[in-house]
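File shown here: run00.txt, holding compact mmCIF, C-alpha atoms and all ligand atoms.
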```
# COMPACT_ATOMS: atom_id res chain seq x y z
CA MET H 210 152.29 53.42 118.76
CA SER H 211 154.04 55.00 115.79
CA SER H 212 156.17 53.25 113.16
CA ARG H 213 153.62 50.42 113.05
CA ILE H 214 151.61 49.18 110.06
CA GLY H 215 148.62 46.83 109.95
CA HIS H 216 145.51 45.73 111.81
CA ASN H 217 145.41 41.91 111.73
CA ILE H 218 149.14 41.62 111.31
CA GLN H 219 151.18 44.38 112.90
CA VAL H 220 154.60 45.32 111.62
CA GLN H 221 156.54 47.38 114.16
CA VAL H 222 159.78 48.91 112.85
CA PHE H 223 162.54 50.05 115.23
CA GLY H 224 166.02 51.54 115.23
CA GLU H 225 168.10 54.45 113.99
CA SER H 226 170.27 54.76 110.89
CA HIS H 227 173.58 54.99 112.83
CA GLY H 228 172.67 52.85 115.87
CA PRO H 229 173.87 49.25 116.19
CA ALA H 230 170.93 47.82 114.21
CA ILE H 231 167.49 48.43 112.80
CA GLY H 232 164.75 45.81 112.81
CA LEU H 233 161.15 44.77 113.17
CA VAL H 234 158.65 42.78 115.16
CA ILE H 235 155.72 41.28 113.25
CA ASP H 236 152.84 40.18 115.45
CA GLY H 237 149.78 38.27 114.25
CA LEU H 238 151.43 36.31 111.41
CA PRO H 239 149.81 32.88 111.16
CA ALA H 240 152.09 29.85 111.64
CA GLY H 241 153.40 27.97 108.59
CA ILE H 242 154.16 30.84 106.17
CA PRO H 243 157.24 29.70 104.21
CA LEU H 244 160.26 32.02 104.24
CA ASP H 245 161.91 31.96 100.80
CA HIS H 246 165.32 33.31 101.80
CA GLU H 247 166.43 33.71 98.18
CA ALA H 248 163.40 35.80 97.29
CA ILE H 249 163.78 37.84 100.50
CA GLY H 250 167.49 38.39 99.69
CA ARG H 251 166.62 39.60 96.17
CA GLN H 252 164.19 42.20 97.52
CA MET H 253 166.62 43.37 100.21
CA ALA H 254 169.38 43.71 97.56
CA ARG H 255 167.14 45.81 95.27
CA ARG H 256 166.66 48.37 98.06
CA ALA H 257 170.09 48.17 99.73
CA PRO H 258 172.34 51.25 99.67
CA GLY H 259 175.22 50.99 97.19
CA SER H 260 173.02 48.86 94.92
CA GLY H 261 173.61 50.94 91.77
CA ARG H 262 175.32 53.91 90.16
CA HIS H 263 172.67 56.51 90.92
CA VAL H 264 172.12 55.70 94.61
CA THR H 265 173.84 56.43 97.94
CA GLN H 266 177.28 54.83 98.15
CA ARG H 267 176.83 53.72 101.75
CA ARG H 268 177.28 49.93 101.53
CA GLU H 269 175.35 47.50 103.74
CA PRO H 270 174.80 43.79 103.15
CA ASP H 271 171.37 44.10 104.82
CA GLN H 272 171.16 40.48 105.83
CA PRO H 273 168.42 39.95 108.41
CA GLN H 274 169.12 38.00 111.59
CA TYR H 275 165.97 36.29 112.88
CA LEU H 276 165.71 36.33 116.66
CA SER H 277 162.27 34.73 117.04
CA GLY H 278 159.15 33.53 115.26
CA VAL H 279 160.92 31.44 112.58
CA TYR H 280 161.65 27.72 112.81
CA ARG H 281 162.64 25.40 109.96
CA ASP H 282 162.16 28.28 107.48
CA ARG H 283 158.51 28.82 108.40
CA THR H 284 156.75 31.24 110.70
CA THR H 285 155.86 29.75 114.09
CA GLY H 286 152.85 31.97 114.87
CA SER H 287 154.65 33.78 117.67
CA PRO H 288 156.03 37.32 117.21
CA LEU H 289 158.70 37.38 114.49
CA CYS H 290 161.64 39.57 115.44
CA ALA H 291 164.55 40.29 113.12
CA ILE H 292 167.43 42.75 113.18
CA ILE H 293 169.54 44.20 110.37
CA PRO H 294 172.92 45.42 111.63
CA ASN H 295 174.17 48.89 110.60
CA THR H 296 177.73 48.24 109.44
CA ASP H 297 178.73 51.24 107.28
CA THR H 298 177.87 54.35 109.29
CA ARG H 299 179.93 57.55 108.93
CA SER H 300 178.51 59.70 111.69
CA LYS H 301 181.08 62.50 111.28
CA ASP H 302 179.13 63.60 108.16
CA TYR H 303 176.31 64.52 110.55
CA ALA H 304 178.38 66.25 113.27
CA THR H 305 177.16 69.76 112.44
CA LEU H 306 173.59 68.93 111.37
CA ALA H 307 172.07 68.72 114.87
CA ASP H 308 172.92 72.42 115.29
CA LEU H 309 172.56 73.43 111.62
CA PRO H 310 169.50 71.56 110.33
CA ARG H 311 169.12 70.42 106.71
CA PRO H 312 166.29 72.13 104.81
CA SER H 313 163.45 69.69 104.07
CA HIS H 314 164.85 66.78 106.13
CA ALA H 315 163.34 65.99 109.55
CA ASP H 316 166.35 67.30 111.57
CA TYR H 317 164.84 70.51 112.95
CA ASN H 318 161.33 69.15 113.49
CA ALA H 319 162.74 66.17 115.41
CA GLN H 320 165.00 68.42 117.50
CA VAL H 321 162.00 70.56 118.53
CA LYS H 322 159.57 67.69 119.10
CA TYR H 323 162.00 65.59 121.16
CA GLY H 324 163.64 68.46 123.02
CA GLY H 325 167.06 67.82 121.45
CA HIS H 326 167.10 64.13 122.49
CA ALA H 327 166.53 62.58 119.04
CA ASP H 328 169.47 60.67 117.53
CA MET H 329 169.70 62.45 114.19
CA ARG H 330 172.93 60.78 112.96
CA GLY H 331 172.12 59.64 109.44
CA GLY H 332 168.56 60.94 109.87
CA GLY H 333 168.07 58.67 112.93
CA HIS H 334 164.66 57.00 113.03
CA PHE H 335 163.53 59.28 110.17
CA SER H 336 166.09 57.82 107.76
CA GLY H 337 165.23 56.01 104.56
CA ARG H 338 167.31 53.23 106.14
CA LEU H 339 164.23 52.29 108.19
CA THR H 340 162.69 51.03 104.95
CA ALA H 341 164.99 47.97 105.06
CA PRO H 342 162.82 46.26 107.73
CA LEU H 343 159.73 47.24 105.72
CA VAL H 344 161.15 45.41 102.70
CA LEU H 345 161.86 42.37 104.86
CA ALA H 346 158.28 42.36 106.21
CA GLY H 347 156.95 42.88 102.69
CA ALA H 348 158.97 39.98 101.28
CA ILE H 349 157.61 37.68 104.01
CA CYS H 350 154.04 38.87 103.30
CA ALA H 351 154.62 38.49 99.53
CA GLY H 352 155.51 34.83 100.18
CA ALA H 353 152.14 34.38 101.92
CA LEU H 354 150.29 36.25 99.13
CA LYS H 355 151.85 33.96 96.51
CA ASP H 356 149.92 31.06 98.09
CA TYR H 357 146.71 33.00 97.30
CA GLY H 358 147.89 33.67 93.72
CA ILE H 359 148.53 37.36 94.44
CA GLU H 360 151.68 39.11 93.12
CA VAL H 361 152.86 42.68 93.59
CA GLY H 362 155.34 44.55 91.38
CA ALA H 363 156.45 48.15 90.98
CA HIS H 364 158.55 50.24 88.64
CA LEU H 365 159.48 53.86 87.92
CA ILE H 366 157.23 55.81 85.57
CA GLN H 367 158.87 59.17 86.16
CA VAL H 368 162.28 60.54 87.20
CA GLY H 369 162.25 64.33 87.28
CA ASP H 370 160.57 65.23 83.96
CA VAL H 371 161.53 61.95 82.20
CA LYS H 372 158.54 59.64 81.81
CA ALA H 373 158.41 55.86 81.25
CA PRO H 374 155.34 53.91 80.06
CA PRO H 375 152.88 52.67 82.71
CA VAL H 376 151.62 49.07 82.80
CA ASP H 377 148.39 48.07 81.07
CA ALA H 378 146.09 48.53 84.06
CA ARG H 379 143.52 46.01 82.78
CA SER H 380 145.70 43.15 81.61
CA VAL H 381 149.02 43.35 83.49
CA THR H 382 150.11 39.84 84.55
CA ALA H 383 152.34 38.30 87.22
CA ARG H 384 154.91 37.63 84.47
CA ASP H 385 154.92 41.34 83.47
CA LEU H 386 155.54 42.23 87.10
CA GLU H 387 158.50 39.85 87.27
CA SER H 388 160.17 41.56 84.30
CA LEU H 389 159.52 44.99 85.86
CA ARG H 390 161.14 43.81 89.09
CA THR H 391 164.33 42.88 87.24
CA ALA H 392 164.52 45.98 84.99
CA PRO H 393 167.73 47.98 85.56
CA MET H 394 166.95 51.04 87.71
CA GLY H 395 163.31 49.92 87.70
CA ILE H 396 162.72 51.23 84.16
CA ALA H 397 161.96 48.58 81.54
CA ASP H 398 161.81 50.98 78.57
CA GLU H 399 165.37 51.43 77.31
CA ALA H 400 164.96 54.91 75.83
CA ALA H 401 163.33 56.21 79.02
CA ARG H 402 166.05 54.58 81.13
CA GLN H 403 168.81 56.23 79.07
CA ALA H 404 167.08 59.61 79.38
CA ALA H 405 166.74 59.08 83.17
CA GLU H 406 170.44 58.10 83.42
CA ASP H 407 171.44 61.27 81.53
CA LEU H 408 169.23 63.41 83.75
CA LEU H 409 170.65 61.86 86.94
CA ALA H 410 174.22 62.41 85.75
CA GLN H 411 173.36 66.08 85.10
CA VAL H 412 171.58 66.44 88.47
CA ARG H 413 174.58 65.00 90.32
CA ALA H 414 176.96 67.27 88.45
CA ASP H 415 174.74 70.20 89.54
CA GLY H 416 174.93 69.05 93.20
CA ASP H 417 171.17 68.60 93.11
CA SER H 418 168.44 65.92 93.32
CA VAL H 419 165.14 65.00 91.62
CA GLY H 420 161.82 63.43 92.55
CA GLY H 421 160.11 60.47 90.94
CA LEU H 422 156.91 58.52 90.52
CA VAL H 423 156.60 54.78 91.34
CA GLU H 424 153.75 52.80 89.84
CA CYS H 425 152.70 49.66 91.71
CA ALA H 426 150.42 46.87 90.48
CA ALA H 427 148.94 43.96 92.43
CA VAL H 428 147.38 41.12 90.41
CA GLY H 429 145.36 38.04 91.34
CA LEU H 430 143.26 39.73 94.02
CA PRO H 431 139.74 38.51 94.67
CA GLN H 432 136.83 40.92 94.42
CA GLY H 433 135.65 42.15 97.84
CA LEU H 434 138.77 43.07 99.85
CA GLY H 435 138.37 46.31 101.78
CA ASN H 436 135.56 48.34 103.30
CA PRO H 437 133.52 51.49 102.65
CA MET H 438 134.32 54.98 103.87
CA ALA H 439 137.03 55.19 106.52
CA ASP H 440 138.50 51.67 106.32
CA GLY H 441 138.76 51.26 102.55
CA LEU H 442 141.52 49.54 100.65
CA GLU H 443 142.78 52.96 99.51
CA ASN H 444 142.69 54.31 103.08
CA ARG H 445 144.69 51.40 104.47
CA LEU H 446 147.19 51.50 101.60
CA ALA H 447 147.59 55.28 101.65
CA GLY H 448 148.10 55.37 105.44
CA ALA H 449 150.83 52.75 105.23
CA ILE H 450 152.50 54.19 102.12
CA PHE H 451 153.01 57.48 103.98
CA ALA H 452 155.24 55.54 106.41
CA ILE H 453 157.87 55.68 103.65
CA PRO H 454 160.04 58.78 104.08
CA GLY H 455 159.89 61.20 101.16
CA VAL H 456 156.37 60.22 99.98
CA ARG H 457 154.29 63.21 98.84
CA GLY H 458 151.19 61.48 97.57
CA ILE H 459 149.44 58.39 96.31
CA ALA H 460 146.84 58.11 93.55
CA PHE H 461 144.86 55.15 92.24
CA GLY H 462 144.02 54.22 88.65
CA ALA H 463 143.58 57.29 86.48
CA GLY H 464 144.46 59.31 89.62
CA PHE H 465 144.51 63.09 89.31
CA ASP H 466 144.12 62.81 85.51
CA ALA H 467 140.49 61.80 86.26
CA CYS H 468 139.71 65.44 87.10
CA ALA H 469 140.04 66.45 83.44
CA MET H 470 138.05 63.46 82.08
CA ARG H 471 134.36 63.13 81.36
CA GLY H 472 132.42 60.34 83.05
CA SER H 473 131.87 58.76 79.66
CA VAL H 474 135.64 58.46 79.24
CA HIS H 475 136.57 57.67 82.84
CA ASN H 476 133.90 55.03 83.55
CA ASP H 477 134.84 51.35 83.25
CA PRO H 478 131.91 49.70 81.39
CA TYR H 479 130.89 46.20 82.47
CA ASP H 480 131.15 43.18 80.18
CA LEU H 481 130.18 39.56 80.55
CA GLU H 482 133.36 37.47 80.38
CA ASP H 483 132.99 33.67 80.61
CA GLY H 484 129.79 34.18 82.57
CA GLN H 485 131.47 36.68 84.93
CA ILE H 486 130.77 40.40 85.17
CA ARG H 487 134.07 42.29 84.71
CA PRO H 488 134.93 45.95 84.04
CA ARG H 489 136.23 46.34 80.44
CA THR H 490 138.84 48.92 81.48
CA ASN H 491 140.51 49.70 84.81
CA ARG H 492 140.61 53.45 85.29
CA ALA H 493 139.34 52.81 88.84
CA GLY H 494 142.69 51.16 89.62
CA GLY H 495 140.98 48.04 90.95
CA VAL H 496 139.04 49.74 93.78
CA LEU H 497 135.42 50.95 93.95
CA GLY H 498 133.76 51.98 97.20
CA GLY H 499 136.98 51.11 99.05
CA ILE H 500 136.56 47.48 97.92
CA SER H 501 138.66 45.55 95.39
CA THR H 502 136.96 44.93 92.03
CA GLY H 503 139.05 41.86 91.18
CA LEU H 504 141.06 43.78 88.56
CA PRO H 505 144.68 44.75 89.27
CA ILE H 506 145.18 47.33 92.03
CA ILE H 507 147.11 50.15 90.38
CA SER H 508 148.68 52.94 92.43
CA GLN H 509 151.13 55.75 91.72
CA VAL H 510 153.32 56.93 94.60
CA ALA H 511 155.02 60.33 94.32
CA PHE H 512 158.43 60.99 95.90
CA LYS H 513 159.95 64.39 96.51
CA PRO H 514 163.54 65.23 95.50
CA THR H 515 166.11 64.04 98.07
CA PRO H 516 166.50 66.83 100.64
CA SER H 517 170.27 66.32 101.23
CA ILE H 518 171.89 67.97 98.22
CA ALA H 519 175.54 68.90 97.70
CA ARG H 520 174.85 72.58 96.90
CA ALA H 521 175.24 75.18 99.64
CA GLN H 522 171.86 76.04 101.21
CA ASP H 523 170.51 78.55 103.70
CA SER H 524 169.93 77.35 107.25
CA VAL H 525 170.03 78.79 110.77
CA ARG H 526 172.48 77.73 113.50
CA LEU H 527 170.28 76.73 116.43
CA SER H 528 172.80 77.53 119.19
CA THR H 529 173.40 81.11 118.00
CA GLY H 530 170.17 81.85 116.12
CA GLN H 531 172.30 83.16 113.22
CA PRO H 532 171.70 82.41 109.52
CA GLU H 533 174.47 80.28 108.03
CA LYS H 534 175.29 78.58 104.74
CA LEU H 535 175.10 74.79 105.04
CA THR H 536 177.06 72.38 102.87
CA ILE H 537 176.00 68.78 103.44
CA ALA H 538 178.63 66.04 103.42
CA GLY H 539 177.75 62.39 103.10
CA ARG H 540 176.48 59.76 100.73
CA HIS H 541 173.02 60.55 99.48
CA ASP H 542 170.57 59.27 96.89
CA PRO H 543 170.17 61.71 93.97
CA CYS H 544 166.63 60.31 93.55
CA ILE H 545 164.88 58.59 96.47
CA ALA H 546 162.30 56.98 94.16
CA ILE H 547 164.82 54.52 92.64
CA ARG H 548 165.50 52.59 95.86
CA ALA H 549 161.92 53.18 97.03
CA ILE H 550 160.50 50.89 94.30
CA PRO H 551 160.82 47.65 96.34
CA VAL H 552 159.65 49.58 99.42
CA VAL H 553 156.36 50.51 97.71
CA GLU H 554 155.98 46.85 96.70
CA ALA H 555 156.68 45.75 100.27
CA VAL H 556 154.20 48.10 101.92
CA THR H 557 151.56 47.14 99.36
CA ALA H 558 152.14 43.44 100.10
CA ILE H 559 151.86 44.00 103.88
CA VAL H 560 148.57 45.89 103.50
CA LEU H 561 147.04 43.41 101.04
CA LEU H 562 147.85 40.45 103.30
CA ASP H 563 146.44 42.40 106.25
CA LEU H 564 143.22 43.03 104.25
CA LEU H 565 143.03 39.37 103.27
CA TYR H 566 142.96 38.49 106.97
CA ASP H 567 139.95 40.81 107.60
CA LYS H 568 136.82 39.00 108.66
CA GLY H 569 134.47 38.37 105.73
CA ALA H 570 131.45 40.64 105.39
CA CYS H 571 129.00 37.84 104.60
CA HIS H 572 128.71 34.07 104.90
CA VAL H 573 129.50 32.45 101.53
CA PRO H 574 129.05 28.63 101.62
CA ARG H 575 131.36 26.85 99.14
C1 LIG H 601 164.91 54.55 100.15
C2 LIG H 601 165.07 55.96 100.64
C3 LIG H 601 166.29 56.58 100.57
C4 LIG H 601 166.46 57.89 101.01
N1 LIG H 601 167.69 58.44 100.91
C5 LIG H 601 167.89 59.72 101.33
C6 LIG H 601 169.17 60.31 101.27
O1 LIG H 601 170.14 59.70 100.81
N2 LIG H 601 169.30 61.57 101.73
C7 LIG H 601 168.24 62.29 102.22
O2 LIG H 601 168.41 63.42 102.61
N3 LIG H 601 167.02 61.76 102.27
C8 LIG H 601 166.81 60.49 101.86
N4 LIG H 601 165.55 59.94 101.95
C9 LIG H 601 164.41 60.79 102.35
C10 LIG H 601 164.42 61.22 103.80
O3 LIG H 601 164.57 60.10 104.64
C11 LIG H 601 163.12 61.97 104.11
O4 LIG H 601 162.91 62.98 103.17
C12 LIG H 601 163.15 62.60 105.50
O5 LIG H 601 163.15 61.58 106.47
C13 LIG H 601 161.99 63.53 105.80
O6 LIG H 601 160.76 62.85 105.70
P1 LIG H 601 159.62 63.33 104.70
O7 LIG H 601 160.30 63.65 103.40
O8 LIG H 601 158.70 62.16 104.59
O9 LIG H 601 158.98 64.54 105.28
C14 LIG H 601 165.36 58.60 101.54
C15 LIG H 601 164.11 57.97 101.63
C16 LIG H 601 163.96 56.67 101.18
C17 LIG H 601 162.61 56.02 101.23
C1 LIG H 602 171.50 53.91 104.63
C2 LIG H 602 170.47 54.01 103.84
O1 LIG H 602 170.07 55.17 103.21
C3 LIG H 602 170.38 56.40 103.82
C4 LIG H 602 169.11 57.22 103.84
C5 LIG H 602 169.35 58.61 104.25
C6 LIG H 602 168.19 59.41 104.67
O2 LIG H 602 168.41 60.56 105.08
O3 LIG H 602 167.05 58.96 104.57
C7 LIG H 602 170.62 59.17 104.18
C8 LIG H 602 171.83 58.38 103.85
O4 LIG H 602 172.41 57.93 105.07
P1 LIG H 602 173.97 57.95 105.39
O5 LIG H 602 174.39 59.36 105.39
O6 LIG H 602 174.09 57.28 106.72
O7 LIG H 602 174.65 57.15 104.30
C9 LIG H 602 171.47 57.15 103.04
O8 LIG H 602 172.59 56.35 102.81
C10 LIG H 602 169.60 52.86 103.53
O9 LIG H 602 168.60 53.08 102.85
O10 LIG H 602 169.91 51.74 103.96
```
Since I need it in another form, could you write the structure as structure tokens?
Ligand SMILES: Cc1cc2nc3c(=O)[nH]c(=O)nc-3n(C[C@H](O)[C@H](O)[C@H](O)COP(=O)(O)O)c2cc1C
Ligand SMILES: C=C(O[C@@H]1CC(C(=O)O)=C[C@@H](OP(=O)(O)O)[C@H]1O)C(=O)O
Amino acid sequence: MSSRIGHNIQVQVFGESHGPAIGLVIDGLPAGIPLDHEAIGRQMARRAPGSGRHVTQRREPDQPQYLSGVYRDRTTGSPLCAIIPNTDTRSKDYATLADLPRPSHADYNAQVKYGGHADMRGGGHFSGRLTAPLVLAGAICAGALKDYGIEVGAHLIQVGDVKAPPVDARSVTARDLESLRTAPMGIADEAARQAAEDLLAQVRADGDSVGGLVECAAVGLPQGLGNPMADGLENRLAGAIFAIPGVRGIAFGAGFDACAMRGSVHNDPYDLEDGQIRPRTNRAGGVLGGISTGLPIISQVAFKPTPSIARAQDSVRLSTGQPEKLTIAGRHDPCIAIRAIPVVEAVTAIVLLDLLYDKGACHVPR
């Protein structure tokens, strides 16, 4: 089935952007995981539309309604189902798009694949709106990870050509991640944030959009999560991260910069630290052989520029087969990556909890 993430726990997302509601079913969650509604609310608010100056002005409270699987603020062990009502749809903005598809959105592909039956109002099931249930699932999983001492946090390290400093991959702490999570626009560095604000103002004035790069760190992980070859930590994370609309790529640690490095520079030498063998640096991004090294997992997730831009663009009217200029109405994000920050965190949390529930590879008596 599509729109599903996870092996041991399975997060199934459903709904369309302009239908009555979107939601999820999570199967396989153990009983007794505490639901911290305040923490969940904070994550939902970070992602919600209308949550800032440089994001879509659609406004949704995004308060989940739990239909099953939760009792006295803990999971029951049975499938957890929750819905998030869609309360601020403006479908007239999409009236022409089924016949005049937007370049680089999913409109035309969906029309062809589903024989014209897909509900493409607001992007339908392909909309970034479907990341709201992902954030809910991620916040629930993050609550479970906390009990294992694992924390996940993400921030923006690039908006268009404006760059912000990455975390220290070797020594980033849970406290650092907390301050990243509360940084305005997801950029802690003030000068970089101002430059990004200026760029976004210019981009909007130009009727355009920009891409961005989200860096995500997970700390407190034990060594040994993941598997070799086809079921590695990177494989599981990358597969799930591509569920987020607009993602163009994911890299780990030094990422693509590793291509230009020598082994002597890229390698993470081992040290003895309080009797434990630990890599001195973390250019591997916390994964070797598909298995966690015990250092922070560091990933960079690349987002393309938002496809729906205000400028007139070339398209083709499907009913007549004639080329036509398209001007898109509606409320769109000038940079997807800003609201995608908590989504990357959420998906990372889901995958790490899923990996934690993998059967151990060897018997380790305590
Ligand atoms: C949080 C978030 C917000 C988004 N907002 C918009 C938007 O306002 N307008 C738009 O055209 N695309 C937006 N997108 C991206 C589209 O949903 C996405 O590009 C489209 O579904 C096609 O999928 P693809 O880019 O993965 O191929 C958003 C994506 C995310 C994750
Ligand atoms: C509603 C959300 O984002 C939407 C994602 C989106 C898209 O094409 O992906 C297009 C816009 O939809 P609409 O035209 O209905 O306002 C965004 O507002 C959300 O994230 O909750």
Residues within 7 Å of ligand LIG 601 (chain H), counting only C-alpha atoms and all ligand atoms, as a CSV table (one decimal) with C-alpha atoms, in the coordinates of the input:
```csv
chain,number,residue,atom,x,y,z
H,256,ARG,CA,166.7,48.4,98.1
H,265,THR,CA,173.8,56.4,97.9
H,313,SER,CA,163.4,69.7,104.1
H,314,HIS,CA,164.8,66.8,106.1
H,315,ALA,CA,163.3,66.0,109.6
H,332,GLY,CA,168.6,60.9,109.9
H,335,PHE,CA,163.5,59.3,110.2
H,336,SER,CA,166.1,57.8,107.8
H,337,GLY,CA,165.2,56.0,104.6
H,338,ARG,CA,167.3,53.2,106.1
H,340,THR,CA,162.7,51.0,105.0
H,453,ILE,CA,157.9,55.7,103.6
H,454,PRO,CA,160.0,58.8,104.1
H,455,GLY,CA,159.9,61.2,101.2
H,456,VAL,CA,156.4,60.2,100.0
H,513,LYS,CA,160.0,64.4,96.5
H,515,THR,CA,166.1,64.0,98.1
H,516,PRO,CA,166.5,66.8,100.6
H,517,SER,CA,170.3,66.3,101.2
H,540,ARG,CA,176.5,59.8,100.7
H,541,HIS,CA,173.0,60.6,99.5
H,542,ASP,CA,170.6,59.3,96.9
H,545,ILE,CA,164.9,58.6,96.5
H,546,ALA,CA,162.3,57.0,94.2
H,548,ARG,CA,165.5,52.6,95.9
H,549,ALA,CA,161.9,53.2,97.0
```
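Between ligand LIG 602 (chain H) and the candidates H:Arg283, H:Arg262, H:His216, H:Arg311, the tightest atom-to-atom separation, counting all atoms listed in the file, involves H:Arg311.
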Residues within 9 Å of range 523-535 of chain H, please, as number ranges by chain. Count only C-alpha atoms; anything in the same chain fewer than 3 positions from it doesn't count. H: 306-312, 317, 520
Excluding Ala400 in chain H and any residue of its chain fewer than 3 positions from it, enumerate the residues within 12 Å of it, using only C-alpha atoms, and give them as a PyMOL selection string. chain H and resi 371-374+396-397+403-407
Calculated over all atoms listed in the file, which of the candidates H:Ile550, H:Ala538, H:Ile242, H:Leu430 has the smallest distance to Gly495 in chain H?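 Looking only at the distances to Gly495 in chain H, the closest residue turns out to be H:Leu430.
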Mind dumping range 228-290 of chain H from that block, keeping C-alpha atoms, as a PDB file, in the first residue's frame?
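Output below, filename part-v9.pdb:
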```
ATOM      1  CA  GLY H 228     -11.666  16.899   1.537  1.00  0.00           C
ATOM      2  CA  PRO H 229     -13.395  16.914   4.933  1.00  0.00           C
ATOM      3  CA  ALA H 230     -10.284  15.738   6.806  1.00  0.00           C
ATOM      4  CA  ILE H 231      -6.851  14.199   6.559  1.00  0.00           C
ATOM      5  CA  GLY H 232      -5.523  11.673   9.051  1.00  0.00           C
ATOM      6  CA  LEU H 233      -3.571   8.566   9.924  1.00  0.00           C
ATOM      7  CA  VAL H 234      -3.718   5.062  11.284  1.00  0.00           C
ATOM      8  CA  ILE H 235      -0.670   3.836  13.207  1.00  0.00           C
ATOM      9  CA  ASP H 236      -0.531   0.081  13.648  1.00  0.00           C
ATOM     10  CA  GLY H 237       2.009  -1.779  15.782  1.00  0.00           C
ATOM     11  CA  LEU H 238       2.570   0.903  18.443  1.00  0.00           C
ATOM     12  CA  PRO H 239       3.178  -0.773  21.803  1.00  0.00           C
ATOM     13  CA  ALA H 240       0.732   0.042  24.614  1.00  0.00           C
ATOM     14  CA  GLY H 241       1.677   2.631  27.252  1.00  0.00           C
ATOM     15  CA  ILE H 242       3.459   5.284  25.144  1.00  0.00           C
ATOM     16  CA  PRO H 243       2.595   8.619  26.792  1.00  0.00           C
ATOM     17  CA  LEU H 244       0.994  11.280  24.582  1.00  0.00           C
ATOM     18  CA  ASP H 245       2.346  14.702  25.572  1.00  0.00           C
ATOM     19  CA  HIS H 246      -0.394  16.846  24.047  1.00  0.00           C
ATOM     20  CA  GLU H 247       1.539  20.072  24.633  1.00  0.00           C
ATOM     21  CA  ALA H 248       4.613  18.778  22.827  1.00  0.00           C
ATOM     22  CA  ILE H 249       2.439  17.384  20.013  1.00  0.00           C
ATOM     23  CA  GLY H 250       0.647  20.757  19.733  1.00  0.00           C
ATOM     24  CA  ARG H 251       3.987  22.594  19.498  1.00  0.00           C
ATOM     25  CA  GLN H 252       5.145  20.408  16.609  1.00  0.00           C
ATOM     26  CA  MET H 253       1.808  20.708  14.784  1.00  0.00           C
ATOM     27  CA  ALA H 254       1.931  24.518  15.188  1.00  0.00           C
ATOM     28  CA  ARG H 255       5.476  24.716  13.760  1.00  0.00           C
ATOM     29  CA  ARG H 256       4.281  23.049  10.546  1.00  0.00           C
ATOM     30  CA  ALA H 257       0.751  24.484  10.323  1.00  0.00           C
ATOM     31  CA  PRO H 258      -0.127  26.767   7.395  1.00  0.00           C
ATOM     32  CA  GLY H 259      -0.319  30.453   8.332  1.00  0.00           C
ATOM     33  CA  SER H 260       2.377  29.883  10.971  1.00  0.00           C
ATOM     34  CA  GLY H 261       4.644  32.732   9.809  1.00  0.00           C
ATOM     35  CA  ARG H 262       5.222  35.592   7.403  1.00  0.00           C
ATOM     36  CA  HIS H 263       6.944  33.612   4.664  1.00  0.00           C
ATOM     37  CA  VAL H 264       4.508  30.681   4.451  1.00  0.00           C
ATOM     38  CA  THR H 265       1.110  29.959   2.879  1.00  0.00           C
ATOM     39  CA  GLN H 266      -1.649  32.081   4.400  1.00  0.00           C
ATOM     40  CA  ARG H 267      -4.149  29.221   4.508  1.00  0.00           C
ATOM     41  CA  ARG H 268      -5.020  29.001   8.225  1.00  0.00           C
ATOM     42  CA  GLU H 269      -5.778  25.694   9.951  1.00  0.00           C
ATOM     43  CA  PRO H 270      -5.695  24.975  13.687  1.00  0.00           C
ATOM     44  CA  ASP H 271      -4.536  21.408  12.902  1.00  0.00           C
ATOM     45  CA  GLN H 272      -5.822  19.934  16.120  1.00  0.00           C
ATOM     46  CA  PRO H 273      -5.946  16.138  15.917  1.00  0.00           C
ATOM     47  CA  GLN H 274      -9.065  14.250  16.950  1.00  0.00           C
ATOM     48  CA  TYR H 275      -8.212  10.768  18.220  1.00  0.00           C
ATOM     49  CA  LEU H 276     -10.747   8.143  17.171  1.00  0.00           C
ATOM     50  CA  SER H 277      -9.020   5.049  18.574  1.00  0.00           C
ATOM     51  CA  GLY H 278      -5.888   3.648  20.180  1.00  0.00           C
ATOM     52  CA  VAL H 279      -5.544   6.301  22.924  1.00  0.00           C
ATOM     53  CA  TYR H 280      -6.916   6.002  26.455  1.00  0.00           C
ATOM     54  CA  ARG H 281      -5.976   8.143  29.465  1.00  0.00           C
ATOM     55  CA  ASP H 282      -3.322   9.910  27.347  1.00  0.00           C
ATOM     56  CA  ARG H 283      -1.431   6.707  26.544  1.00  0.00           C
ATOM     57  CA  THR H 284      -1.447   4.370  23.578  1.00  0.00           C
ATOM     58  CA  THR H 285      -3.571   1.252  24.092  1.00  0.00           C
ATOM     59  CA  GLY H 286      -1.691  -1.070  21.722  1.00  0.00           C
ATOM     60  CA  SER H 287      -4.562  -1.198  19.243  1.00  0.00           C
ATOM     61  CA  PRO H 288      -4.474   0.787  15.968  1.00  0.00           C
ATOM     62  CA  LEU H 289      -4.299   4.522  16.670  1.00  0.00           C
ATOM     63  CA  CYS H 290      -6.525   6.509  14.335  1.00  0.00           C
TER      64      CYS H 290
END
```
